[in-house]
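**Q** Enclosed is the structure file target_39.cif (mmCIF, C-alpha atoms and all ligand atoms; chains and numbers go by the auth columns).
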```
data_entry
#
loop_
_atom_site.group_PDB
_atom_site.id
_atom_site.type_symbol
_atom_site.label_atom_id
_atom_site.label_comp_id
_atom_site.label_asym_id
_atom_site.label_seq_id
_atom_site.Cartn_x
_atom_site.Cartn_y
_atom_site.Cartn_z
_atom_site.B_iso_or_equiv
_atom_site.auth_seq_id
_atom_site.auth_asym_id
ATOM 1 C CA MET A 1 -59.440 -33.521 -38.015 0.00 1 P
ATOM 2 C CA THR A 2 -55.855 -33.481 -39.136 0.00 2 P
ATOM 3 C CA ASP A 3 -53.793 -30.326 -38.748 0.00 3 P
ATOM 4 C CA ASN A 4 -53.932 -29.748 -42.477 0.00 4 P
ATOM 5 C CA ALA A 5 -57.686 -30.103 -42.673 0.00 5 P
ATOM 6 C CA LEU A 6 -58.036 -27.717 -39.782 0.00 6 P
ATOM 7 C CA ARG A 7 -55.762 -25.195 -41.419 0.00 7 P
ATOM 8 C CA GLU A 8 -57.756 -25.391 -44.626 0.00 8 P
ATOM 9 C CA LEU A 9 -60.976 -24.852 -42.754 0.00 9 P
ATOM 10 C CA TYR A 10 -59.495 -21.792 -41.089 0.00 10 P
ATOM 11 C CA GLN A 11 -58.333 -20.413 -44.403 0.00 11 P
ATOM 12 C CA GLU A 12 -61.802 -20.955 -45.772 0.00 12 P
ATOM 13 C CA VAL A 13 -63.384 -18.970 -42.960 0.00 13 P
ATOM 14 C CA ILE A 14 -60.898 -16.134 -43.426 0.00 14 P
ATOM 15 C CA LEU A 15 -61.426 -16.071 -47.186 0.00 15 P
ATOM 16 C CA ASP A 16 -65.182 -16.113 -46.754 0.00 16 P
ATOM 17 C CA HIS A 17 -65.042 -13.091 -44.448 0.00 17 P
ATOM 18 C CA SER A 18 -62.692 -11.200 -46.748 0.00 18 P
ATOM 19 C CA ARG A 19 -64.804 -11.894 -49.840 0.00 19 P
ATOM 20 C CA HIS A 20 -68.153 -11.331 -48.162 0.00 20 P
ATOM 21 C CA PRO A 21 -67.444 -8.933 -45.330 0.00 21 P
ATOM 22 C CA ARG A 22 -70.172 -8.575 -42.687 0.00 22 P
ATOM 23 C CA HIS A 23 -71.342 -5.126 -41.650 0.00 23 P
ATOM 24 C CA TYR A 24 -69.435 -3.412 -44.438 0.00 24 P
ATOM 25 C CA GLY A 25 -70.025 0.250 -45.198 0.00 25 P
ATOM 26 C CA ALA A 26 -70.277 3.641 -43.552 0.00 26 P
ATOM 27 C CA LEU A 27 -72.608 4.024 -40.592 0.00 27 P
ATOM 28 C CA GLU A 28 -74.735 7.110 -40.756 0.00 28 P
ATOM 29 C CA GLN A 29 -75.432 8.435 -37.278 0.00 29 P
ATOM 30 C CA ALA A 30 -72.231 6.915 -35.938 0.00 30 P
ATOM 31 C CA SER A 31 -71.460 8.214 -32.454 0.00 31 P
ATOM 32 C CA HIS A 32 -67.804 7.192 -32.758 0.00 32 P
ATOM 33 C CA LYS A 33 -65.406 6.696 -35.612 0.00 33 P
ATOM 34 C CA ALA A 34 -61.704 6.029 -36.145 0.00 34 P
ATOM 35 C CA GLU A 35 -59.349 5.257 -38.989 0.00 35 P
ATOM 36 C CA GLY A 36 -56.546 2.746 -38.706 0.00 36 P
ATOM 37 C CA TYR A 37 -53.505 2.163 -40.881 0.00 37 P
ATOM 38 C CA ASN A 38 -50.941 -0.613 -40.852 0.00 38 P
ATOM 39 C CA PRO A 39 -47.865 0.710 -42.688 0.00 39 P
ATOM 40 C CA LEU A 40 -46.182 -2.723 -42.689 0.00 40 P
ATOM 41 C CA CYS A 41 -48.761 -4.064 -45.116 0.00 41 P
ATOM 42 C CA GLY A 42 -50.687 -1.018 -46.306 0.00 42 P
ATOM 43 C CA ASP A 43 -53.982 -2.109 -44.684 0.00 43 P
ATOM 44 C CA ARG A 44 -56.602 0.513 -43.965 0.00 44 P
ATOM 45 C CA VAL A 45 -59.705 0.173 -41.813 0.00 45 P
ATOM 46 C CA THR A 46 -62.312 2.687 -40.723 0.00 46 P
ATOM 47 C CA VAL A 47 -64.553 1.603 -37.856 0.00 47 P
ATOM 48 C CA TYR A 48 -67.924 3.248 -37.253 0.00 48 P
ATOM 49 C CA LEU A 49 -69.788 2.731 -33.992 0.00 49 P
ATOM 50 C CA LYS A 50 -73.038 3.624 -32.475 0.00 50 P
ATOM 51 C CA LEU A 51 -72.852 3.288 -28.708 0.00 51 P
ATOM 52 C CA GLY A 52 -76.245 3.000 -27.051 0.00 52 P
ATOM 53 C CA GLU A 53 -77.196 4.823 -23.865 0.00 53 P
ATOM 54 C CA ASP A 54 -76.808 1.530 -22.034 0.00 54 P
ATOM 55 C CA GLY A 55 -73.158 1.459 -23.117 0.00 55 P
ATOM 56 C CA ARG A 56 -73.633 -1.340 -25.592 0.00 56 P
ATOM 57 C CA VAL A 57 -72.355 -1.411 -29.142 0.00 57 P
ATOM 58 C CA ALA A 58 -75.763 -0.802 -30.700 0.00 58 P
ATOM 59 C CA ASP A 59 -74.342 -0.879 -34.200 0.00 59 P
ATOM 60 C CA ILE A 60 -70.937 -1.244 -35.820 0.00 60 P
ATOM 61 C CA LYS A 61 -69.691 -1.129 -39.387 0.00 61 P
ATOM 62 C CA PHE A 62 -66.365 -0.924 -41.134 0.00 62 P
ATOM 63 C CA GLN A 63 -64.816 0.023 -44.424 0.00 63 P
ATOM 64 C CA GLY A 64 -61.349 -0.798 -45.565 0.00 64 P
ATOM 65 C CA LYS A 65 -58.821 -1.957 -48.057 0.00 65 P
ATOM 66 C CA GLY A 66 -55.943 -4.313 -47.578 0.00 66 P
ATOM 67 C CA CYS A 67 -54.914 -7.927 -47.280 0.00 67 P
ATOM 68 C CA ALA A 68 -57.432 -10.723 -46.690 0.00 68 P
ATOM 69 C CA ILE A 69 -56.410 -11.136 -43.067 0.00 69 P
ATOM 70 C CA SER A 70 -56.945 -7.478 -42.175 0.00 70 P
ATOM 71 C CA GLN A 71 -60.357 -7.333 -43.812 0.00 71 P
ATOM 72 C CA ALA A 72 -61.487 -10.743 -42.525 0.00 72 P
ATOM 73 C CA SER A 73 -60.462 -9.793 -39.023 0.00 73 P
ATOM 74 C CA ALA A 74 -62.452 -6.539 -39.252 0.00 74 P
ATOM 75 C CA SER A 75 -65.479 -8.431 -40.544 0.00 75 P
ATOM 76 C CA MET A 76 -65.245 -11.014 -37.794 0.00 76 P
ATOM 77 C CA MET A 77 -64.813 -8.293 -35.189 0.00 77 P
ATOM 78 C CA THR A 78 -67.966 -6.434 -36.212 0.00 78 P
ATOM 79 C CA ASP A 79 -69.911 -9.694 -35.991 0.00 79 P
ATOM 80 C CA LEU A 80 -68.576 -10.333 -32.513 0.00 80 P
ATOM 81 C CA LEU A 81 -68.889 -6.844 -31.058 0.00 81 P
ATOM 82 C CA LYS A 82 -72.404 -5.964 -32.078 0.00 82 P
ATOM 83 C CA GLY A 83 -74.599 -5.973 -28.987 0.00 83 P
ATOM 84 C CA ARG A 84 -71.722 -6.220 -26.503 0.00 84 P
ATOM 85 C CA THR A 85 -71.019 -3.833 -23.671 0.00 85 P
ATOM 86 C CA ARG A 86 -67.761 -1.897 -23.752 0.00 86 P
ATOM 87 C CA ALA A 87 -66.400 -4.080 -20.951 0.00 87 P
ATOM 88 C CA GLU A 88 -67.261 -7.254 -22.834 0.00 88 P
ATOM 89 C CA ALA A 89 -65.675 -5.838 -25.983 0.00 89 P
ATOM 90 C CA GLU A 90 -62.522 -5.014 -24.063 0.00 90 P
ATOM 91 C CA LYS A 91 -62.346 -8.573 -22.739 0.00 91 P
ATOM 92 C CA LEU A 92 -62.790 -9.987 -26.241 0.00 92 P
ATOM 93 C CA MET A 93 -60.042 -7.761 -27.577 0.00 93 P
ATOM 94 C CA GLU A 94 -57.639 -8.822 -24.847 0.00 94 P
ATOM 95 C CA GLY A 95 -58.376 -12.480 -25.544 0.00 95 P
ATOM 96 C CA PHE A 96 -57.894 -11.962 -29.244 0.00 96 P
ATOM 97 C CA LEU A 97 -54.558 -10.167 -28.781 0.00 97 P
ATOM 98 C CA HIS A 98 -53.338 -13.169 -26.787 0.00 98 P
ATOM 99 C CA LEU A 99 -54.604 -15.702 -29.347 0.00 99 P
ATOM 100 C CA VAL A 100 -52.907 -14.105 -32.352 0.00 100 P
ATOM 101 C CA LYS A 101 -49.609 -14.235 -30.457 0.00 101 P
ATOM 102 C CA GLY A 102 -50.121 -17.918 -29.744 0.00 102 P
ATOM 103 C CA GLU A 103 -50.724 -17.331 -26.039 0.00 103 P
ATOM 104 C CA ALA A 104 -53.450 -18.729 -23.814 0.00 104 P
ATOM 105 C CA ALA A 105 -56.500 -16.523 -23.617 0.00 105 P
ATOM 106 C CA PRO A 106 -58.213 -16.986 -20.278 0.00 106 P
ATOM 107 C CA GLY A 107 -61.485 -15.151 -19.860 0.00 107 P
ATOM 108 C CA LEU A 108 -62.964 -15.940 -23.252 0.00 108 P
ATOM 109 C CA SER A 109 -66.226 -17.866 -23.371 0.00 109 P
ATOM 110 C CA ASP A 110 -66.139 -21.155 -25.289 0.00 110 P
ATOM 111 C CA ASP A 111 -68.195 -19.673 -28.133 0.00 111 P
ATOM 112 C CA ASP A 112 -65.980 -16.626 -28.509 0.00 112 P
ATOM 113 C CA ARG A 113 -62.868 -18.760 -28.335 0.00 113 P
ATOM 114 C CA GLU A 114 -64.166 -20.994 -31.086 0.00 114 P
ATOM 115 C CA THR A 115 -64.893 -18.021 -33.344 0.00 115 P
ATOM 116 C CA LEU A 116 -61.615 -16.259 -32.684 0.00 116 P
ATOM 117 C CA ASP A 117 -59.552 -19.422 -32.819 0.00 117 P
ATOM 118 C CA VAL A 118 -59.683 -19.175 -36.601 0.00 118 P
ATOM 119 C CA MET A 119 -57.160 -16.367 -36.248 0.00 119 P
ATOM 120 C CA SER A 120 -54.790 -18.184 -33.911 0.00 120 P
ATOM 121 C CA GLY A 121 -52.841 -19.599 -36.875 0.00 121 P
ATOM 122 C CA ILE A 122 -51.594 -16.049 -37.451 0.00 122 P
ATOM 123 C CA SER A 123 -49.257 -16.524 -34.514 0.00 123 P
ATOM 124 C CA GLN A 124 -46.996 -18.511 -36.851 0.00 124 P
ATOM 125 C CA PHE A 125 -46.605 -15.434 -39.041 0.00 125 P
ATOM 126 C CA PRO A 126 -45.461 -12.583 -36.789 0.00 126 P
ATOM 127 C CA MET A 127 -45.430 -10.145 -39.710 0.00 127 P
ATOM 128 C CA ARG A 128 -49.175 -10.619 -40.101 0.00 128 P
ATOM 129 C CA VAL A 129 -50.156 -10.049 -36.490 0.00 129 P
ATOM 130 C CA LYS A 130 -50.546 -6.319 -37.128 0.00 130 P
ATOM 131 C CA CYS A 131 -52.894 -7.114 -40.032 0.00 131 P
ATOM 132 C CA ALA A 132 -55.108 -9.156 -37.724 0.00 132 P
ATOM 133 C CA THR A 133 -55.125 -6.674 -34.858 0.00 133 P
ATOM 134 C CA LEU A 134 -55.597 -3.469 -36.895 0.00 134 P
ATOM 135 C CA ALA A 135 -59.403 -3.466 -36.707 0.00 135 P
ATOM 136 C CA TRP A 136 -59.411 -4.093 -32.958 0.00 136 P
ATOM 137 C CA HIS A 137 -56.999 -1.258 -32.224 0.00 137 P
ATOM 138 C CA THR A 138 -59.074 0.962 -34.481 0.00 138 P
ATOM 139 C CA TYR A 139 -62.209 -0.015 -32.569 0.00 139 P
ATOM 140 C CA ARG A 140 -60.525 0.965 -29.312 0.00 140 P
ATOM 141 C CA ASN A 141 -59.404 4.305 -30.748 0.00 141 P
ATOM 142 C CA ALA A 142 -62.954 4.968 -31.919 0.00 142 P
ATOM 143 C CA VAL A 143 -64.367 4.306 -28.451 0.00 143 P
ATOM 144 C CA GLU A 144 -61.718 6.303 -26.603 0.00 144 P
ATOM 145 C CA GLU A 145 -61.091 9.270 -28.879 0.00 145 P
ATOM 146 C CA GLY A 146 -63.430 9.022 -31.816 0.00 146 P
ATOM 147 C CA ALA A 147 -66.637 10.702 -30.616 0.00 147 P
ATOM 148 C CA THR A 148 -68.186 12.385 -33.650 0.00 148 P
HETATM 149 ZN ZN ZN B . -52.167 -6.959 -44.058 0.00 201 P
#
```
Could you quickly redo this structure as C-alpha cells?

**A**
Amino acid sequence: MTDNALRELYQEVILDHSRHPRHYGALEQASHKAEGYNPLCGDRVTVYLKLGEDGRVADIKFQGKGCAISQASASMMTDLLKGRTRAEAEKLMEGFLHLVKGEAAPGLSDDDRETLDVMSGISQFPMRVKCATLAWHTYRNAVEEGAT
C-alpha cells in the first residue's frame, strides 16, 4: 500500500470509531470511575470500569464529547482493555504512549501493535497527542483513584 492509501485507511478507522463508538455509555455498578479533560482542545471523557476479583477489567465503558481523535481513541481503548489484567492494560498504555510520539513500542504483541498503529500518525501532529492519550490517562486515574 502506498503511504497515502495507508493514511486514508487509518483515517477511516478513526472516523468509524468516532461515529460508532464501542462500549459507549455509563456503566451501572462501576467499581471505578474518572473524568478527564483536555483543555487544549476541549475534549472530555469519562471512563467507567468494573474490575473483577481476579484483577481483570471485567467491563469498561466511556462517555465523552470532543474531537474525533479523542473519542476514537477512547472507543479503541475500551475495545482493547476489556478482559485484560491491570498489568496487561498498563503495558498497552505504555506502548500506546510511545506510538503516538512516534517512538518504538517494545513489549506490544503483534495484534495490539496492529490495532494501535492506527494512532501512530498522530505523532506528526504534536498538538493532537493529548487528544489521543486523554482516555488512557483517564483510565489510569480511574484505576488508581477512582474507586466508587
Ligand atoms: Zn481533541

**Q** Can you give me, as JSON, numbers by chain, the residues this file yields under the PyMOL selection byres (((chain P and resi 81-85) around 7) and not hetatm)?

**A** {"P": [55, 56, 57, 58, 59, 60, 77, 78, 79, 80, 86, 87, 88, 89]}

**Q** Any chance you can output those residues with C-alpha atoms as a PDB file, keeping the file's coordinate frame?

**A**
```
ATOM      1  CA  GLY P  55     -73.158   1.459 -23.117  1.00  0.00           C
ATOM      2  CA  ARG P  56     -73.633  -1.340 -25.592  1.00  0.00           C
ATOM      3  CA  VAL P  57     -72.355  -1.411 -29.142  1.00  0.00           C
ATOM      4  CA  ALA P  58     -75.763  -0.802 -30.700  1.00  0.00           C
ATOM      5  CA  ASP P  59     -74.342  -0.879 -34.200  1.00  0.00           C
ATOM      6  CA  ILE P  60     -70.937  -1.244 -35.820  1.00  0.00           C
ATOM      7  CA  MET P  77     -64.813  -8.293 -35.189  1.00  0.00           C
ATOM      8  CA  THR P  78     -67.966  -6.434 -36.212  1.00  0.00           C
ATOM      9  CA  ASP P  79     -69.911  -9.694 -35.991  1.00  0.00           C
ATOM     10  CA  LEU P  80     -68.576 -10.333 -32.513  1.00  0.00           C
ATOM     11  CA  ARG P  86     -67.761  -1.897 -23.752  1.00  0.00           C
ATOM     12  CA  ALA P  87     -66.400  -4.080 -20.951  1.00  0.00           C
ATOM     13  CA  GLU P  88     -67.261  -7.254 -22.834  1.00  0.00           C
ATOM     14  CA  ALA P  89     -65.675  -5.838 -25.983  1.00  0.00           C
TER      15      ALA P  89
END
```

**Q** Can you translate the PyMOL selection byres (((not hetatm)) within 12 of (chain P and resi 201)) into the concrete residues it hits in this file, as a PyMOL selection string?

**A** chain P and resi 18+36-45+64-74+122+125-135

**Q** Counting only C-alpha atoms, figure out which residue out of P:Thr46, P:Ser120, P:Tyr10, P:Glu103 gets nearest to Ala142 of chain P.

**A** P:Thr46

**Q** Considering all atoms listed in the file, can you say which of P:Val118, P:Val13, P:Leu92, P:Val143 comes closest to Pro106 of chain P?

**A**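 Among P:Val118, P:Val13, P:Leu92, P:Val143, it is P:Leu92 that comes nearest to Pro106 of chain P.
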
**Q** Could you check how far atom CA of Trp136 of chain P sits from atom CA of Asp3 of chain P, in Å to one decimal?

**A**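 Answer for the atom CA of Trp136 of chain P to atom CA of Asp3 of chain P separation: 27.4 Å.
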
**Q** Expand the PyMOL selection byres (((chain P and resi 105) around 12) and not hetatm) into the explicit residue set it covers here, and present it as a list of chain:residue names.

**A**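 Answer for the PyMOL selection byres (((chain P and resi 105) around 12) and not hetatm): P:Lys91, P:Leu92, P:Met93, P:Glu94, P:Gly95, P:Phe96, P:Leu97, P:His98, P:Leu99, P:Val100, P:Lys101, P:Gly102, P:Glu103, P:Ala104, P:Pro106, P:Gly107, P:Leu108, P:Ser109, P:Asp110, P:Asp112, P:Arg113, P:Glu114, P:Leu116, P:Asp117, P:Ser120.
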
**Q** In Å, how far is it from atom CA of Thr138 of chain P to atom CA of Leu9 of chain P?

**A**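 Between these atoms lies a distance of 27.2 Å.
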
**Q** Could you check the closest approach to Met76 of chain P for each of P:Arg7, P:Arg140, P:Lys61, P:His17 and tell me which residue wins, using all atoms listed in the file?

**A**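 Between P:Arg7, P:Arg140, P:Lys61, P:His17, the residue approaching Met76 of chain P most closely is P:His17.
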
**Q** Output as AutoDock Vina command-line options the centre and edge lengths (Å, one decimal) of the box along x, y and z of the file that holds every listed atom of segment 62-80 of chain P after adding 6 Å on each side.

**A**
```
--center_x -62.4 --center_y -5.6 --center_z -40.3 --size_x 27.0 --size_y 23.2 --size_z 27.5
```

**Q** Return the single residue from P:Val47, P:Ser75, P:Ile14, P:Phe62 that is closest to His32 of chain P, with distances computed using all atoms listed in the file.

**A**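 The shortest atom-to-atom distance to His32 of chain P comes from P:Val47.
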
**Q** At what distance in Å, to one decimal, does atom CA of Asn4 of chain P lie from atom CA of His20 of chain P?

**A** 24.0 Å
